[in-house]
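*Asks:* Provided herewith is a single structure, encoded as structure tokens, for subsequent inquiry.
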Amino acid sequence: RPTMVARVKNHLSEKKPGQFKLFLMHGLDTGIGFGIQEEARTGVPWDGKIVGILDLQNVGLANMDVKALGMIFELLQAHYVERLHKLYLFEAPTIFYAIWKVVVPFIDPVTKSKVEFVFKKDAAKIFGTHWAPEVLPKEFGGTAPDIRTCDVAAKLLADKLNKAELPPCAPSTPQEGGDTPKLQADLPQAVAA
């Protein structure tokens, strides 16, 4: 199944209204698109569902956003109905439970049943039922290196443009978009080329 990993430590409350919602919708639509492409490529039927991991390691008060957490469930329940297979909340700190208590009454019981808290000591066992160790990042109990979204996007774009490769992703800070750095290339110019 397509899997989305969100590193909450890189989230800061949005400065532009609706920016997080658009980002979330883009991620969900991309995951669904990958599922459809993989089904067409392999011929293996896909049930249309995705898996999410909210990586809550190293989060602080600046990253805690009740509105954003509520928006995740609002979108899943109202616009991506029955698209969620499972949502793992990984390494939730104590402070997160206060936010969870505010949001959980608004979550549909069926959706709530798909949410599971996972801690590092159990990660390999729980995540190992869904993913082979070689595709699961080390921090989640697997053996795969971490792959940034930007690197995947650059490869997909390079393939689409029939180019060997695009310039590498620039390092980023949470203020610049977290672990989704911008390409060092001018993408509109690259697409036109």
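Simple scheme: letters A, B, ... for chains in structure tokens order, numbers from 1 for residues in each chain, numbers from 1 for ligands in the order shown.
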May I have the residues within 7 Å of range 88-98 of chain A as an MDAnalysis selection string, using only C-alpha atoms and disregarding those fewer than 2 positions away in the same chain?
*Replies:* chainID A and resid 52:57 86 100:102 115:120
*Asks:* Save out the residues we just selected, all heavy atoms, as a short mmCIF file (atom, residue, chain, number, x, y, z; two decimals), in the first residue's frame.
*Replies:*
data_model
loop_
_atom_site.label_atom_id
_atom_site.label_comp_id
_atom_site.auth_asym_id
_atom_site.auth_seq_id
_atom_site.Cartn_x
_atom_site.Cartn_y
_atom_site.Cartn_z
N GLY A 52 -0.56 5.76 6.81
CA GLY A 52 0.16 6.95 7.24
C GLY A 52 0.94 6.69 8.51
O GLY A 52 0.53 5.89 9.36
N ILE A 53 2.09 7.34 8.60
CA ILE A 53 2.88 7.31 9.84
C ILE A 53 3.12 8.76 10.23
O ILE A 53 3.73 9.52 9.47
CB ILE A 53 4.23 6.59 9.66
CG1 ILE A 53 4.04 5.14 9.25
CG2 ILE A 53 5.04 6.67 10.97
CD1 ILE A 53 5.34 4.40 8.92
N LEU A 54 2.60 9.17 11.37
CA LEU A 54 2.92 10.48 11.92
C LEU A 54 4.09 10.27 12.87
O LEU A 54 3.94 9.69 13.95
CB LEU A 54 1.74 11.08 12.68
CG LEU A 54 0.63 11.71 11.89
CD1 LEU A 54 -0.42 12.32 12.82
CD2 LEU A 54 1.14 12.75 10.94
N ASP A 55 5.26 10.68 12.44
CA ASP A 55 6.47 10.53 13.23
C ASP A 55 6.51 11.69 14.23
O ASP A 55 6.75 12.83 13.86
CB ASP A 55 7.68 10.56 12.30
CG ASP A 55 8.99 10.41 13.05
OD1 ASP A 55 8.98 10.32 14.30
OD2 ASP A 55 10.04 10.39 12.37
N LEU A 56 6.27 11.37 15.48
CA LEU A 56 6.18 12.38 16.53
C LEU A 56 7.46 12.47 17.36
O LEU A 56 7.46 13.09 18.44
CB LEU A 56 4.98 12.07 17.43
CG LEU A 56 3.63 12.19 16.70
CD1 LEU A 56 2.55 11.40 17.42
CD2 LEU A 56 3.23 13.64 16.57
N GLN A 57 8.54 11.91 16.88
CA GLN A 57 9.82 11.99 17.59
C GLN A 57 10.30 13.44 17.62
O GLN A 57 10.18 14.16 16.64
CB GLN A 57 10.88 11.15 16.88
CG GLN A 57 10.58 9.67 16.87
CD GLN A 57 11.66 8.91 16.13
OE1 GLN A 57 12.61 8.46 16.75
NE2 GLN A 57 11.51 8.81 14.82
N LYS A 86 -4.59 2.43 7.73
CA LYS A 86 -4.06 2.52 9.07
C LYS A 86 -3.28 3.82 9.22
O LYS A 86 -2.65 4.29 8.27
CB LYS A 86 -3.11 1.33 9.31
CG LYS A 86 -2.79 1.06 10.73
CD LYS A 86 -3.91 0.30 11.39
CE LYS A 86 -3.51 -0.14 12.78
NZ LYS A 86 -4.61 -0.61 13.55
N TRP A 100 -4.41 15.03 21.64
CA TRP A 100 -5.21 13.89 21.18
C TRP A 100 -6.57 13.88 21.86
O TRP A 100 -7.60 13.64 21.23
CB TRP A 100 -4.44 12.59 21.43
CG TRP A 100 -5.16 11.36 20.98
CD1 TRP A 100 -5.66 10.37 21.77
CD2 TRP A 100 -5.47 10.98 19.63
NE1 TRP A 100 -6.26 9.40 20.99
CE2 TRP A 100 -6.14 9.76 19.67
CE3 TRP A 100 -5.23 11.58 18.39
CZ2 TRP A 100 -6.59 9.10 18.54
CZ3 TRP A 100 -5.67 10.91 17.26
CH2 TRP A 100 -6.34 9.70 17.33
N LYS A 101 -6.61 14.18 23.16
CA LYS A 101 -7.87 14.19 23.90
C LYS A 101 -8.82 15.27 23.39
O LYS A 101 -10.03 15.11 23.46
CB LYS A 101 -7.62 14.37 25.40
CG LYS A 101 -7.12 13.12 26.06
CD LYS A 101 -7.00 13.32 27.55
CE LYS A 101 -6.58 12.02 28.21
NZ LYS A 101 -6.61 12.09 29.65
N VAL A 102 -8.29 16.36 22.86
CA VAL A 102 -9.12 17.42 22.31
C VAL A 102 -9.72 16.98 20.96
O VAL A 102 -10.88 17.25 20.67
CB VAL A 102 -8.30 18.73 22.12
CG1 VAL A 102 -9.08 19.77 21.34
CG2 VAL A 102 -7.87 19.27 23.47
N VAL A 115 -6.41 3.97 13.96
CA VAL A 115 -5.28 4.71 14.53
C VAL A 115 -4.62 3.85 15.60
O VAL A 115 -5.29 3.28 16.45
CB VAL A 115 -5.75 6.05 15.15
CG1 VAL A 115 -4.59 6.77 15.81
CG2 VAL A 115 -6.41 6.92 14.08
N GLU A 116 -3.29 3.78 15.52
CA GLU A 116 -2.55 2.97 16.49
C GLU A 116 -1.30 3.72 16.94
O GLU A 116 -0.54 4.23 16.11
CB GLU A 116 -2.14 1.64 15.87
CG GLU A 116 -1.44 0.70 16.81
CD GLU A 116 -1.16 -0.67 16.20
OE1 GLU A 116 -1.73 -1.00 15.14
OE2 GLU A 116 -0.35 -1.41 16.79
N PHE A 117 -1.08 3.77 18.24
CA PHE A 117 0.14 4.36 18.79
C PHE A 117 1.22 3.29 18.76
O PHE A 117 0.98 2.15 19.16
CB PHE A 117 -0.10 4.83 20.23
CG PHE A 117 -0.91 6.09 20.31
CD1 PHE A 117 -2.30 6.06 20.28
CD2 PHE A 117 -0.28 7.33 20.40
CE1 PHE A 117 -3.05 7.22 20.35
CE2 PHE A 117 -1.02 8.51 20.48
CZ PHE A 117 -2.40 8.45 20.44
N VAL A 118 2.40 3.67 18.27
CA VAL A 118 3.52 2.73 18.17
C VAL A 118 4.74 3.38 18.82
O VAL A 118 5.03 4.55 18.57
CB VAL A 118 3.84 2.39 16.70
CG1 VAL A 118 5.06 1.48 16.60
CG2 VAL A 118 2.65 1.76 16.01
N PHE A 119 5.46 2.58 19.60
CA PHE A 119 6.68 3.07 20.23
C PHE A 119 7.87 2.30 19.68
O PHE A 119 7.73 1.18 19.19
CB PHE A 119 6.56 2.96 21.76
CG PHE A 119 5.48 3.86 22.27
CD1 PHE A 119 4.20 3.38 22.47
CD2 PHE A 119 5.75 5.20 22.49
CE1 PHE A 119 3.19 4.24 22.90
CE2 PHE A 119 4.74 6.06 22.92
CZ PHE A 119 3.46 5.58 23.11
N LYS A 120 9.03 2.93 19.75
CA LYS A 120 10.25 2.40 19.13
C LYS A 120 10.49 0.93 19.49
O LYS A 120 10.86 0.14 18.63
CB LYS A 120 11.44 3.26 19.53
CG LYS A 120 12.61 3.13 18.59
CD LYS A 120 13.67 4.17 18.86
CE LYS A 120 13.30 5.39 18.08
NZ LYS A 120 14.32 6.40 17.98
#
*Asks:* Taking the chain letters and numbering used in this document, name the residues of range 25-178 of chain A that DSSP puts in alpha helix (DSSP H), as an MDAnalysis selection string.
*Replies:* chainID A and resid 25:42 66:78 94:103 109:112 120:127 149:160
*Asks:* Counting only C-alpha atoms, what is within 12 Å of Val103 in chain A, bar same-chain residues fewer than 4 positions away, as a list in words?
*Replies:* Asp65, Val66, Lys67, Ala68, Leu69, Gly70, Met71, Ile72, Phe73, Glu74, Phe96, Tyr97, Ala98, Ile99, Ile107, Asp108 and Lys112 of chain A
*Asks:* Tell me which protein, DNA and RNA residues are within 7 Å of range 27-32 of chain A, counting only C-alpha atoms, leaving out same-chain ones fewer than 5 positions away, and put them as a list in words.
*Replies:*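 What passes the distance filter is Pro2, Thr3, Gly48 and Ile50 of chain A.
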*Asks:* From the options A:His11, A:Leu87, A:Asp47, A:Gly35, which residue's atoms come nearest to Gly60 in chain A, counting only C-alpha atoms?
*Replies:*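 Of the candidates, the smallest distance to Gly60 in chain A is held by A:His11.
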*Asks:* Which residues are near range 132-138 of chain A? Cut-off 12 Å, only C-alpha atoms, ignore same chain within fewer than 4 positions. Put them as a PDB file with N, CA and C atoms, in the first residue's frame.
*Replies:*
ATOM      1  N   THR A   3       2.347   4.540   1.262  1.00  0.00           N
ATOM      2  CA  THR A   3       2.575   4.957   2.639  1.00  0.00           C
ATOM      3  C   THR A   3       3.065   6.399   2.670  1.00  0.00           C
ATOM      4  N   MET A   4       2.479   7.180   3.536  1.00  0.00           N
ATOM      5  CA  MET A   4       2.902   8.570   3.747  1.00  0.00           C
ATOM      6  C   MET A   4       3.522   8.670   5.129  1.00  0.00           C
ATOM      7  N   VAL A   5       4.699   9.297   5.195  1.00  0.00           N
ATOM      8  CA  VAL A   5       5.355   9.536   6.475  1.00  0.00           C
ATOM      9  C   VAL A   5       5.439  11.047   6.670  1.00  0.00           C
ATOM     10  N   ILE A  53       2.093   7.339   8.600  1.00  0.00           N
ATOM     11  CA  ILE A  53       2.877   7.314   9.839  1.00  0.00           C
ATOM     12  C   ILE A  53       3.125   8.763  10.227  1.00  0.00           C
ATOM     13  N   ASP A  55       5.264  10.678  12.438  1.00  0.00           N
ATOM     14  CA  ASP A  55       6.472  10.529  13.231  1.00  0.00           C
ATOM     15  C   ASP A  55       6.515  11.686  14.231  1.00  0.00           C
ATOM     16  N   LYS A 120       9.026   2.928  19.748  1.00  0.00           N
ATOM     17  CA  LYS A 120      10.249   2.399  19.134  1.00  0.00           C
ATOM     18  C   LYS A 120      10.492   0.932  19.490  1.00  0.00           C
ATOM     19  N   ALA A 123       8.329  -1.111  17.238  1.00  0.00           N
ATOM     20  CA  ALA A 123       8.231  -0.699  15.829  1.00  0.00           C
ATOM     21  C   ALA A 123       8.544  -1.817  14.855  1.00  0.00           C
ATOM     22  N   ALA A 124       9.649  -2.517  15.025  1.00  0.00           N
ATOM     23  CA  ALA A 124      10.037  -3.563  14.075  1.00  0.00           C
ATOM     24  C   ALA A 124       8.950  -4.637  13.986  1.00  0.00           C
ATOM     25  N   LYS A 125       8.387  -5.003  15.119  1.00  0.00           N
ATOM     26  CA  LYS A 125       7.348  -6.045  15.138  1.00  0.00           C
ATOM     27  C   LYS A 125       6.064  -5.560  14.442  1.00  0.00           C
ATOM     28  N   ILE A 126       5.594  -4.372  14.817  1.00  0.00           N
ATOM     29  CA  ILE A 126       4.331  -3.862  14.256  1.00  0.00           C
ATOM     30  C   ILE A 126       4.488  -3.476  12.795  1.00  0.00           C
ATOM     31  N   PHE A 127       5.505  -2.682  12.481  1.00  0.00           N
ATOM     32  CA  PHE A 127       5.699  -2.244  11.095  1.00  0.00           C
ATOM     33  C   PHE A 127       6.132  -3.405  10.201  1.00  0.00           C
ATOM     34  N   GLY A 128       6.801  -4.392  10.788  1.00  0.00           N
ATOM     35  CA  GLY A 128       7.243  -5.561  10.020  1.00  0.00           C
ATOM     36  C   GLY A 128       6.099  -6.390   9.462  1.00  0.00           C
ATOM     37  N   GLY A 142      13.460  -0.796  10.456  1.00  0.00           N
ATOM     38  CA  GLY A 142      13.881  -1.473   9.236  1.00  0.00           C
ATOM     39  C   GLY A 142      15.351  -1.273   8.957  1.00  0.00           C
ATOM     40  N   THR A 143      15.751  -1.533   7.712  1.00  0.00           N
ATOM     41  CA  THR A 143      17.155  -1.398   7.328  1.00  0.00           C
ATOM     42  C   THR A 143      17.353  -0.401   6.188  1.00  0.00           C
ATOM     43  N   ALA A 144      16.282   0.196   5.680  1.00  0.00           N
ATOM     44  CA  ALA A 144      16.381   1.113   4.542  1.00  0.00           C
ATOM     45  C   ALA A 144      16.861   2.490   4.983  1.00  0.00           C
ATOM     46  N   PRO A 145      17.611   3.174   4.096  1.00  0.00           N
ATOM     47  CA  PRO A 145      17.973   4.558   4.409  1.00  0.00           C
ATOM     48  C   PRO A 145      16.742   5.446   4.266  1.00  0.00           C
ATOM     49  N   ASP A 146      16.773   6.593   4.922  1.00  0.00           N
ATOM     50  CA  ASP A 146      15.686   7.555   4.805  1.00  0.00           C
ATOM     51  C   ASP A 146      15.758   8.205   3.424  1.00  0.00           C
ATOM     52  N   ILE A 147      14.633   8.308   2.749  1.00  0.00           N
ATOM     53  CA  ILE A 147      14.592   8.920   1.421  1.00  0.00           C
ATOM     54  C   ILE A 147      13.702  10.149   1.504  1.00  0.00           C
ATOM     55  N   ARG A 148      14.256  11.314   1.158  1.00  0.00           N
ATOM     56  CA  ARG A 148      13.486  12.551   1.230  1.00  0.00           C
ATOM     57  C   ARG A 148      12.509  12.637   0.054  1.00  0.00           C
TER      58      ARG A 148
END
*Asks:* Within 12 Å of Val110 in chain A, counting only C-alpha atoms, which residues qualify if same-chain residues fewer than 6 places away don't, as a list in words?
*Replies:*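 Contacts, with the query itself left out: Phe73, Leu76, Gln77, Val81, Glu82, Arg83, Leu84, His85, Lys86 and Val104 of chain A.
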*Asks:* Using only C-alpha atoms, pick whichever of A:Leu161, A:Lys114, A:Lys49, A:Ala78 has the shortest atom-to-atom distance to Gly33 in chain A.
*Replies:*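 Among A:Leu161, A:Lys114, A:Lys49, A:Ala78, it is A:Lys49 that comes nearest to Gly33 in chain A.
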*Asks:* Going by DSSP on the backbone, which residues of range 31-163 of chain A come out as strand (DSSP E)? List them as a list of chain:residue names.
*Replies:* A:Ile50, A:Val51, A:Gly52, A:Ile53, A:Leu54, A:Asp55, A:Leu84, A:His85, A:Lys86, A:Leu87, A:Tyr88, A:Leu89, A:Phe90, A:Val115, A:Glu116, A:Phe117, A:Val118
